[in-house]
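A.B. asks: Below is coords.txt; it holds compact mmCIF, C-alpha atoms and all ligand atoms.
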# COMPACT_ATOMS: atom_id res chain seq x y z
CA MET A 1 74.52 83.27 179.33
CA ARG A 2 73.11 84.82 176.21
CA PHE A 3 73.85 81.58 174.31
CA LYS A 4 71.93 79.65 176.98
CA ARG A 5 68.85 81.83 176.71
CA LEU A 6 68.75 81.38 172.98
CA THR A 7 69.31 77.63 173.27
CA ILE A 8 66.23 77.23 175.42
CA ALA A 9 64.18 79.19 172.89
CA VAL A 10 65.55 77.09 170.04
CA LEU A 11 65.03 73.80 171.86
CA VAL A 12 61.44 74.72 172.57
CA GLY A 13 61.11 75.65 168.90
CA ILE A 14 62.55 72.34 167.76
CA GLY A 15 60.31 70.41 170.16
CA LEU A 16 57.25 72.14 168.83
CA LEU A 17 58.54 71.71 165.28
CA ALA A 18 58.75 67.97 165.86
CA ALA A 19 55.27 67.98 167.35
CA PHE A 20 53.53 70.04 164.70
CA GLY A 21 55.76 69.54 161.66
CA THR A 22 55.87 73.27 160.95
CA VAL A 23 58.39 75.99 161.60
CA MET A 24 57.77 77.74 164.90
CA ALA A 25 58.32 81.45 164.95
CA ASP A 26 60.09 83.16 167.85
CA ASN A 27 60.02 86.68 169.26
CA LEU A 28 63.23 88.13 167.90
CA THR A 29 62.82 91.63 166.50
CA GLY A 30 64.90 94.36 164.88
CA ASP A 31 67.23 94.25 161.89
CA MET A 32 69.71 91.63 160.82
CA GLU A 33 72.20 92.52 158.10
CA ILE A 34 74.20 89.80 156.41
CA PHE A 35 76.96 90.80 154.05
CA SER A 36 78.25 88.64 151.18
CA TRP A 37 79.13 88.56 147.47
CA TRP A 38 76.36 86.13 146.62
CA ALA A 39 74.42 88.44 144.33
CA GLY A 40 72.44 87.73 141.14
CA ASP A 41 72.89 84.18 139.87
CA GLU A 42 75.16 83.43 142.87
CA GLY A 43 72.14 84.14 145.07
CA PRO A 44 69.65 81.22 145.07
CA ALA A 45 71.36 79.12 147.77
CA LEU A 46 71.62 82.11 150.10
CA GLU A 47 67.99 82.99 149.40
CA ALA A 48 66.94 79.46 150.42
CA LEU A 49 68.62 80.04 153.79
CA ILE A 50 67.05 83.47 154.14
CA ASP A 51 63.61 81.97 153.52
CA ILE A 52 64.13 79.59 156.44
CA TYR A 53 65.42 82.42 158.65
CA ASN A 54 62.41 84.58 157.82
CA ALA A 55 60.04 81.73 158.65
CA GLN A 56 61.80 81.08 161.97
CA HIS A 57 62.11 84.74 162.90
CA PRO A 58 59.23 86.66 161.29
CA GLY A 59 59.80 89.66 163.56
CA VAL A 60 63.28 90.25 162.19
CA ASN A 61 63.89 92.50 159.21
CA LEU A 62 66.66 90.66 157.35
CA ILE A 63 68.81 92.86 155.14
CA ASN A 64 70.61 90.90 152.45
CA ALA A 65 73.52 93.19 151.63
CA THR A 66 75.49 91.93 148.65
CA VAL A 67 78.34 93.38 146.64
CA THR A 68 78.60 91.59 143.33
CA GLY A 69 81.91 90.22 142.03
CA GLY A 70 83.24 86.66 141.96
CA SER A 71 85.41 85.47 144.85
CA GLY A 72 84.50 88.61 146.77
CA VAL A 73 86.95 90.91 144.97
CA ASN A 74 84.67 93.93 145.44
CA ALA A 75 82.84 92.83 148.59
CA LYS A 76 86.04 92.42 150.59
CA ALA A 77 87.08 96.01 149.83
CA VAL A 78 83.68 97.36 150.92
CA LEU A 79 83.77 95.21 154.05
CA LYS A 80 87.18 96.57 154.96
CA THR A 81 85.93 100.15 154.74
CA ARG A 82 82.91 99.33 156.88
CA MET A 83 84.90 97.45 159.52
CA LEU A 84 87.52 100.17 159.75
CA GLY A 85 84.79 102.80 159.87
CA GLY A 86 83.15 101.10 162.88
CA ASN A 87 80.07 100.12 160.86
CA PRO A 88 80.18 96.30 160.75
CA PRO A 89 77.30 94.23 159.38
CA ASP A 90 75.74 91.74 161.82
CA SER A 91 77.43 88.83 160.06
CA PHE A 92 79.65 88.58 156.99
CA GLN A 93 80.93 85.99 154.55
CA VAL A 94 84.58 85.10 155.01
CA HIS A 95 86.66 82.14 153.89
CA ALA A 96 87.85 79.67 156.50
CA GLY A 97 91.60 79.81 156.96
CA GLN A 98 93.96 82.75 156.68
CA GLU A 99 91.42 85.17 155.16
CA LEU A 100 89.60 84.92 158.52
CA ILE A 101 92.46 84.27 160.93
CA GLY A 102 95.27 86.27 159.33
CA THR A 103 93.03 89.26 158.66
CA TRP A 104 90.02 89.81 160.94
CA VAL A 105 90.97 87.65 163.91
CA LYS A 106 94.49 89.05 163.90
CA ALA A 107 93.00 92.54 163.96
CA ASP A 108 90.83 91.51 166.96
CA ARG A 109 87.59 92.27 165.13
CA MET A 110 85.70 89.01 165.69
CA GLU A 111 83.75 87.46 168.55
CA ASP A 112 84.78 84.05 169.82
CA LEU A 113 82.11 81.45 168.96
CA THR A 114 83.50 78.54 170.99
CA SER A 115 80.48 78.39 173.32
CA LEU A 116 78.13 78.37 170.35
CA PHE A 117 80.07 75.47 168.79
CA GLN A 118 79.86 73.53 172.06
CA GLN A 119 76.23 74.31 172.63
CA GLU A 120 75.20 73.28 169.10
CA GLY A 121 77.25 70.08 169.20
CA TRP A 122 79.28 71.31 166.24
CA MET A 123 82.57 69.95 167.57
CA ASP A 124 81.17 66.49 166.73
CA VAL A 125 79.71 67.22 163.28
CA PHE A 126 82.32 69.45 161.63
CA PRO A 127 85.57 67.73 160.63
CA ALA A 128 88.42 68.52 163.05
CA GLY A 129 90.60 69.80 160.18
CA LEU A 130 87.95 72.34 159.24
CA VAL A 131 87.44 73.51 162.84
CA LYS A 132 91.21 74.02 162.97
CA LEU A 133 90.98 76.39 159.99
CA LEU A 134 88.41 78.45 161.90
CA SER A 135 90.38 78.52 165.16
CA THR A 136 93.31 79.97 167.02
CA ASP A 137 94.45 79.10 170.53
CA ALA A 138 92.12 81.85 171.70
CA GLY A 139 88.86 80.69 170.11
CA ILE A 140 86.72 79.59 167.13
CA TRP A 141 85.86 82.51 164.91
CA SER A 142 83.23 81.65 162.29
CA VAL A 143 80.60 79.09 161.27
CA PRO A 144 81.14 77.13 158.03
CA VAL A 145 78.24 76.77 155.64
CA ASN A 146 79.90 74.61 152.98
CA ILE A 147 82.91 72.93 151.44
CA HIS A 148 83.71 73.97 147.87
CA ARG A 149 86.24 72.29 145.62
CA SER A 150 88.50 74.57 143.61
CA ASN A 151 90.33 72.14 141.28
CA VAL A 152 87.62 71.09 138.87
CA MET A 153 87.69 71.08 135.06
CA TRP A 154 84.29 71.42 133.37
CA TYR A 155 83.28 70.36 129.87
CA ILE A 156 80.44 69.23 127.64
CA PRO A 157 80.86 65.54 126.78
CA THR A 158 79.04 65.70 123.43
CA ASN A 159 81.29 68.56 122.33
CA LEU A 160 84.48 66.69 123.19
CA GLU A 161 83.17 63.73 121.22
CA LYS A 162 82.41 65.97 118.24
CA TRP A 163 85.91 67.47 118.37
CA GLY A 164 87.55 64.05 118.83
CA VAL A 165 89.36 64.86 122.09
CA GLU A 166 89.27 63.54 125.63
CA ALA A 167 89.50 65.47 128.86
CA PRO A 168 93.23 65.90 129.59
CA LYS A 169 94.56 64.08 132.64
CA THR A 170 97.72 66.21 132.81
CA TRP A 171 98.70 69.67 131.56
CA ALA A 172 101.06 67.93 129.13
CA ASP A 173 97.98 66.18 127.67
CA PHE A 174 96.23 69.55 127.51
CA LEU A 175 99.15 71.16 125.67
CA ALA A 176 99.08 68.25 123.21
CA ILE A 177 95.38 68.57 122.31
CA ALA A 178 95.13 72.37 122.53
CA PRO A 179 96.56 73.01 119.02
CA GLN A 180 94.06 70.50 117.56
CA LEU A 181 91.19 72.33 119.21
CA LYS A 182 92.54 75.67 118.04
CA ALA A 183 92.76 74.36 114.47
CA LYS A 184 89.04 73.55 114.70
CA GLY A 185 88.29 77.12 115.80
CA VAL A 186 87.66 76.08 119.42
CA LEU A 187 89.23 77.95 122.32
CA PRO A 188 91.01 75.30 124.44
CA LEU A 189 90.58 76.94 127.87
CA ALA A 190 88.13 79.70 128.85
CA LEU A 191 89.44 82.23 131.35
CA ALA A 192 87.78 85.25 132.96
CA THR A 193 88.83 88.23 135.05
CA ASN A 194 92.08 88.43 137.10
CA TRP A 195 90.98 86.39 140.13
CA THR A 196 90.15 83.43 137.84
CA ALA A 197 93.78 83.50 136.68
CA ASN A 198 94.78 83.16 140.37
CA HIS A 199 92.28 80.35 140.60
CA LEU A 200 93.75 78.55 137.59
CA TRP A 201 97.27 79.19 138.89
CA GLU A 202 96.65 77.29 142.11
CA SER A 203 95.48 74.21 140.22
CA VAL A 204 98.52 74.39 137.95
CA ALA A 205 100.82 74.90 140.95
CA ILE A 206 99.42 71.87 142.77
CA SER A 207 99.81 69.75 139.63
CA VAL A 208 103.47 70.79 139.33
CA LEU A 209 104.36 70.67 143.05
CA GLY A 210 102.01 68.04 144.48
CA PRO A 211 100.02 68.79 147.63
CA GLU A 212 102.90 68.40 150.11
CA LYS A 213 105.20 70.91 148.44
CA TRP A 214 102.23 73.22 147.87
CA GLN A 215 101.78 73.28 151.64
CA GLU A 216 105.51 73.91 152.10
CA LEU A 217 105.14 77.17 150.17
CA TRP A 218 102.73 78.37 152.88
CA ASP A 219 104.74 76.95 155.78
CA GLY A 220 107.67 78.96 154.44
CA THR A 221 109.81 75.85 153.89
CA LEU A 222 109.76 75.94 150.08
CA SER A 223 110.85 79.12 148.36
CA PHE A 224 108.87 80.58 145.48
CA THR A 225 112.22 81.01 143.74
CA SER A 226 113.11 77.30 144.01
CA LEU A 227 113.34 75.40 140.72
CA GLU A 228 109.87 73.98 141.32
CA GLY A 229 108.51 77.42 142.20
CA VAL A 230 109.73 78.85 138.89
CA ALA A 231 108.49 75.74 137.03
CA VAL A 232 104.93 76.55 138.18
CA TRP A 233 105.01 79.95 136.43
CA ASP A 234 106.63 78.41 133.40
CA MET A 235 103.83 75.85 133.02
CA PHE A 236 101.21 78.48 133.77
CA GLY A 237 102.58 80.68 130.98
CA ARG A 238 102.42 77.82 128.49
CA ILE A 239 98.79 77.14 129.37
CA LEU A 240 97.86 80.82 129.07
CA GLN A 241 98.72 80.70 125.35
CA TYR A 242 95.52 78.73 124.89
CA THR A 243 93.16 81.08 126.75
CA ASN A 244 91.04 83.98 125.46
CA ASP A 245 92.46 87.47 124.95
CA ASP A 246 89.34 89.12 126.37
CA ALA A 247 89.56 87.22 129.69
CA ALA A 248 89.98 90.38 131.79
CA SER A 249 86.55 91.65 130.77
CA LEU A 250 84.61 88.45 131.52
CA SER A 251 82.92 87.21 134.70
CA TRP A 252 83.43 83.59 135.74
CA GLN A 253 79.89 82.88 134.58
CA GLN A 254 80.69 84.23 131.11
CA ALA A 255 83.75 81.98 130.88
CA THR A 256 81.52 79.05 131.86
CA ASP A 257 79.03 80.11 129.18
CA MET A 258 81.78 79.84 126.56
CA VAL A 259 82.09 76.14 127.41
CA VAL A 260 78.33 75.63 127.43
CA ASN A 261 77.95 77.39 124.08
CA GLY A 262 80.67 75.29 122.46
CA ASN A 263 83.07 78.21 121.93
CA ALA A 264 85.55 76.78 124.40
CA ALA A 265 86.44 73.21 125.35
CA PHE A 266 87.33 73.51 129.04
CA ASN A 267 87.14 75.75 132.05
CA VAL A 268 88.86 75.30 135.41
CA MET A 269 86.56 76.72 138.07
CA GLY A 270 85.38 75.92 141.56
CA ASP A 271 82.25 73.88 141.94
CA TRP A 272 80.04 76.95 142.30
CA ALA A 273 80.14 76.40 138.51
CA ALA A 274 78.02 73.26 139.14
CA GLY A 275 75.57 75.49 141.00
CA TYR A 276 75.48 77.87 138.04
CA LEU A 277 75.20 75.10 135.43
CA THR A 278 72.40 73.30 137.26
CA THR A 279 70.55 75.83 139.44
CA THR A 280 70.77 78.76 137.00
CA LEU A 281 71.06 77.13 133.57
CA GLY A 282 69.03 74.01 134.36
CA LEU A 283 71.62 71.54 133.02
CA THR A 284 71.92 67.99 134.32
CA PRO A 285 75.30 66.98 135.76
CA GLY A 286 76.80 63.89 134.17
CA VAL A 287 74.51 64.31 131.13
CA ASP A 288 74.57 67.86 129.78
CA TYR A 289 77.93 68.64 131.34
CA THR A 290 80.61 66.73 133.12
CA TRP A 291 83.83 67.30 135.07
CA SER A 292 87.12 65.87 136.21
CA ALA A 293 89.84 66.97 138.60
CA SER A 294 91.84 69.75 136.94
CA PRO A 295 94.78 68.22 135.07
CA GLY A 296 97.44 66.62 137.25
CA THR A 297 95.39 66.88 140.45
CA ASP A 298 93.40 63.65 140.47
CA GLY A 299 93.23 62.38 144.06
CA VAL A 300 93.68 65.89 145.49
CA PHE A 301 90.73 67.91 146.78
CA VAL A 302 91.64 71.60 146.82
CA MET A 303 89.18 72.89 149.39
CA LEU A 304 87.77 76.14 150.60
CA SER A 305 84.92 76.86 152.93
CA ASP A 306 82.54 79.79 153.02
CA SER A 307 81.78 80.78 156.57
CA PHE A 308 80.07 83.60 158.42
CA GLY A 309 81.43 85.32 161.48
CA LEU A 310 80.20 87.69 164.13
CA PRO A 311 82.13 90.97 164.11
CA THR A 312 82.67 92.72 167.43
CA GLY A 313 80.16 95.53 167.71
CA ALA A 314 77.55 93.80 165.52
CA PRO A 315 74.41 95.87 166.13
CA ASN A 316 71.97 92.94 166.38
CA TRP A 317 73.77 90.28 168.37
CA GLU A 318 70.91 87.86 169.09
CA ASN A 319 69.62 87.98 165.53
CA ALA A 320 73.14 87.26 164.29
CA ILE A 321 73.49 84.27 166.63
CA ALA A 322 70.20 82.91 165.28
CA TRP A 323 71.61 83.31 161.75
CA LEU A 324 74.78 81.42 162.67
CA GLN A 325 72.72 78.66 164.31
CA LEU A 326 70.82 78.22 161.06
CA LEU A 327 73.99 78.16 158.93
CA GLY A 328 75.55 75.44 161.04
CA SER A 329 72.42 73.33 161.30
CA LYS A 330 71.81 70.20 159.24
CA ALA A 331 68.57 71.60 157.83
CA GLY A 332 70.18 74.92 156.88
CA SER A 333 73.19 73.28 155.34
CA ASP A 334 71.15 70.78 153.35
CA ALA A 335 68.89 73.56 152.05
CA PHE A 336 71.82 75.72 150.96
CA ASN A 337 74.37 73.34 149.48
CA PRO A 338 72.37 71.38 146.88
CA LEU A 339 71.66 74.72 145.16
CA LYS A 340 75.20 76.08 145.58
CA GLY A 341 77.22 73.24 144.04
CA SER A 342 79.11 72.78 147.31
CA ILE A 343 78.76 69.99 149.85
CA SER A 344 77.79 70.34 153.47
CA ALA A 345 80.58 71.01 155.93
CA ARG A 346 78.77 68.64 158.32
CA THR A 347 79.58 64.95 158.37
CA ASP A 348 75.91 63.97 158.79
CA SER A 349 74.40 65.62 155.70
CA ASP A 350 71.65 63.85 153.74
CA LEU A 351 73.35 63.02 150.44
CA SER A 352 70.08 61.89 148.85
CA LEU A 353 69.25 65.61 148.55
CA TYR A 354 72.32 66.22 146.35
CA ASN A 355 72.86 65.72 142.62
CA ALA A 356 75.37 63.47 140.88
CA TYR A 357 78.11 66.10 140.85
CA SER A 358 77.86 66.84 144.57
CA GLN A 359 77.66 63.18 145.46
CA SER A 360 80.90 62.59 143.60
CA ALA A 361 82.49 65.61 145.32
CA ALA A 362 81.36 64.24 148.70
CA ALA A 363 83.05 60.90 147.93
CA ASP A 364 86.27 62.66 146.85
CA TRP A 365 86.19 64.81 150.01
CA GLN A 366 86.29 61.56 152.00
CA ASN A 367 88.97 59.82 149.96
CA ASP A 368 91.31 62.46 148.49
CA VAL A 369 94.31 64.25 149.89
CA VAL A 370 93.06 67.68 150.99
CA ALA A 371 94.95 70.85 150.02
CA GLY A 372 93.99 74.46 150.84
CA SER A 373 93.02 77.05 148.24
CA LEU A 374 95.06 80.21 147.79
CA ALA A 375 92.55 82.11 145.63
CA HIS A 376 89.80 81.54 148.21
CA GLY A 377 91.47 82.42 151.44
CA VAL A 378 92.69 79.19 153.02
CA VAL A 379 96.47 79.32 152.87
CA ALA A 380 97.43 83.00 152.79
CA ASN A 381 96.23 86.23 154.38
CA GLU A 382 94.54 89.01 152.44
CA GLY A 383 97.68 91.12 152.33
CA PHE A 384 99.42 88.39 150.34
CA MET A 385 96.37 87.84 148.13
CA ASN A 386 96.12 91.51 147.22
CA ASP A 387 99.83 91.59 146.35
CA PHE A 388 99.53 88.32 144.46
CA ALA A 389 96.84 89.86 142.25
CA THR A 390 99.40 92.53 141.31
CA VAL A 391 102.04 89.88 140.56
CA MET A 392 99.48 88.13 138.38
CA GLU A 393 98.75 91.36 136.45
CA MET A 394 102.47 91.71 135.89
CA PHE A 395 102.86 88.14 134.69
CA LEU A 396 99.87 88.33 132.33
CA THR A 397 101.79 91.08 130.54
CA SER A 398 105.43 90.07 130.96
CA LYS A 399 105.06 86.24 130.89
CA ASP A 400 108.39 86.11 132.73
CA PRO A 401 108.44 83.12 135.15
CA GLN A 402 111.60 84.10 137.03
CA GLN A 403 110.39 87.66 137.57
CA ALA A 404 107.02 86.41 138.88
CA ALA A 405 108.72 83.89 141.19
CA ASN A 406 111.01 86.61 142.59
CA ALA A 407 108.04 88.89 143.16
CA CYS A 408 106.13 86.09 144.94
CA GLU A 409 109.04 85.49 147.27
CA ALA A 410 109.17 89.20 148.09
CA ILE A 411 105.44 89.47 148.85
CA ALA A 412 105.58 86.26 150.91
CA ARG A 413 108.21 87.87 153.14
CA GLN A 414 106.33 91.19 153.27
CA ASN A 415 103.14 89.44 154.38
CA ALA A 416 104.87 87.15 156.88
CA ILE A 417 103.89 83.94 155.08
CA GLY A 418 104.97 80.92 157.10
CA GLU A 419 105.97 82.99 160.13
C1 LIG B 1 84.35 81.93 146.13
C2 LIG B 1 83.27 81.56 147.10
C3 LIG B 1 82.21 80.79 146.39
C4 LIG B 1 81.73 81.52 145.15
C5 LIG B 1 82.92 81.98 144.32
C6 LIG B 1 82.56 82.78 143.09
O1 LIG B 1 85.36 82.68 146.75
O2 LIG B 1 83.83 80.81 148.12
O3 LIG B 1 81.13 80.52 147.26
O4 LIG B 1 80.93 82.57 145.53
O5 LIG B 1 83.83 82.70 145.09
O6 LIG B 1 82.13 84.04 143.42
Output the file's structure as structure tokens, nothing else.
Ligand code: GAL
C.D. replies:
Amino acid sequence: MRFKRLTIAVLVGIGLLAAFGTVMADNLTGDMEIFSWWAGDEGPALEALIDIYNAQHPGVNLINATVTGGSGVNAKAVLKTRMLGGNPPDSFQVHAGQELIGTWVKADRMEDLTSLFQQEGWMDVFPAGLVKLLSTDAGIWSVPVNIHRSNVMWYIPTNLEKWGVEAPKTWADFLAIAPQLKAKGVLPLALATNWTANHLWESVAISVLGPEKWQELWDGTLSFTSLEGVAVWDMFGRILQYTNDDAASLSWQQATDMVVNGNAAFNVMGDWAAGYLTTTLGLTPGVDYTWSASPGTDGVFVMLSDSFGLPTGAPNWENAIAWLQLLGSKAGSDAFNPLKGSISARTDSDLSLYNAYSQSAAADWQNDVVAGSLAHGVVANEGFMNDFATVMEMFLTSKDPQQAANACEAIARQNAIGE
């Protein structure tokens, strides 16, 4: 019923919008708190959405609550405290997949958005595979605002030319050119704080295992202690030899800066790096910087999707629904994503609004084999991810592949992976 009331208001708004070519304001009032980790130079895309929301709903006081820290490492901890303390925001950022389903939906903390999806026609514009990541048999639990790609290697073409190397197609190629780069005083691969090691690990794992066996790890049909499982850690350890010693103290943006400044040759990072390079640093994709699939993953699109959900007990329900309607809309999505480095989750987005990087990502999203990200919530629940961060800490010190594989198998069982 409540959805219906809002629909009529929105339809009237859209009709008038078409008639007058301006944004029509409605009568919503009160607060609206959105919670995310898009702070500082991660913020411009979110701010573009907020500008539209404010224009549509001038009576609403939108509170943009952010907790800084890449991949939500700090925000997720704060969110947990708030949710457990009965103080949820009106809407919060959460990755599609197990971070949503295996954590908040499992704990019965989210409202079912199926009627909203039906009402907005979203079942026809979001890919079925993505809707599946947001769903259980009992409902659909969040609204996707984008598709990000995790397995991207970034570099500066003029620097590679100067150093006489080409972007490696495999990790074996990388290990072959890394000593040459080192001899020239160039760091082969820039790394940042712990979660970026998890991020790199997933790209390495998919290159060693291939996308099918990667999925088997999460279905519980391939053991972390299998020969292939141990081989992933072995390869990862060899690559780590060519990363910076001060990684733990750097943000992902600082690791990207090392590539831009010519101190490092490559960086494996999700395509929010394209947002940073272009929206924040003003660089032109394909000219000032370029990219390829991270080594050994050409033809695979390792995806993740940022979404926003409606927690049960959200204080400002109608304002939150209006926020979700904006996120899922074509106009909202096409305002947000060109600044973010991601592509729209909708199949009808206007690609002419996107730059060369995003257009190439959109083509790969259509043509590649899709795999789910571990570091960004698709394939494993938060319990596993938190434990995996500890395994990673251990490996960064011990560099013992068998020990890390054994530990992964143990935490997979503890967190019911594949069950
Ligand atoms: C990811 C998130 C991206 C970006 C990135 C770096 O988890 O999905 O949108 O914010 O972290 O913080």
A.B. asks: Find the residues near ligand LIG 1 (chain B). Use a cut-off of 9 Å, count only C-alpha atoms and all ligand atoms, and write them as number ranges by chain.
C.D. replies: A: 36-39, 42-43, 68-73, 93-95, 146-148, 150, 252-253, 269-273, 304-307, 340-342, 375-377
A.B. asks: Using all atoms listed in the file, which residue out of A:Trp214, A:Trp365, A:Phe308, A:Phe336 lies closest to Glu99 of chain A?
C.D. replies: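 Among the listed residues, the smallest separation from Glu99 of chain A belongs to A:Phe308.
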A.B. asks: Counting all atoms listed in the file, what is within 8 Å of Asp368 of chain A, bar same-chain residues fewer than 6 positions away, as an mmCIF file with C-alpha atoms, in the coordinates of the input?
C.D. replies:
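Once everything was written out, this is around.cif:
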data_model
loop_
_atom_site.group_PDB
_atom_site.id
_atom_site.type_symbol
_atom_site.label_atom_id
_atom_site.label_comp_id
_atom_site.auth_asym_id
_atom_site.auth_seq_id
_atom_site.Cartn_x
_atom_site.Cartn_y
_atom_site.Cartn_z
ATOM 1 C CA GLY A 299 93.230 62.380 144.060
ATOM 2 C CA VAL A 300 93.680 65.890 145.490
ATOM 3 C CA PHE A 301 90.730 67.910 146.780
#
A.B. asks: For segment 173-184 of chain A, list every protein, DNA or RNA residue within 9 Å, evaluated using all atoms listed in the file, and leave out those in the same chain fewer than 2 positions away; present the list as a list of chain:residue names.
C.D. replies: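 Using all atoms listed in the file, the neighbours found are A:Trp163, A:Val165, A:Glu166, A:Ala167, A:Pro168, A:Lys169, A:Thr170, A:Trp171, A:Val186, A:Leu187, A:Pro188, A:Leu189, A:Arg238, A:Ile239, A:Tyr242, A:Ala264, A:Ala265, A:Pro295.
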A.B. asks: Quick one: residues within 12 Å of Asp137 of chain A, all atoms listed in the file counted, chain neighbours fewer than 5 positions away excluded, as a list in words?
C.D. replies: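 Residues near the query, excluding close chain neighbours: Ile101, Val105, Lys106, Asp112, Thr114, Val131 and Lys132 of chain A.
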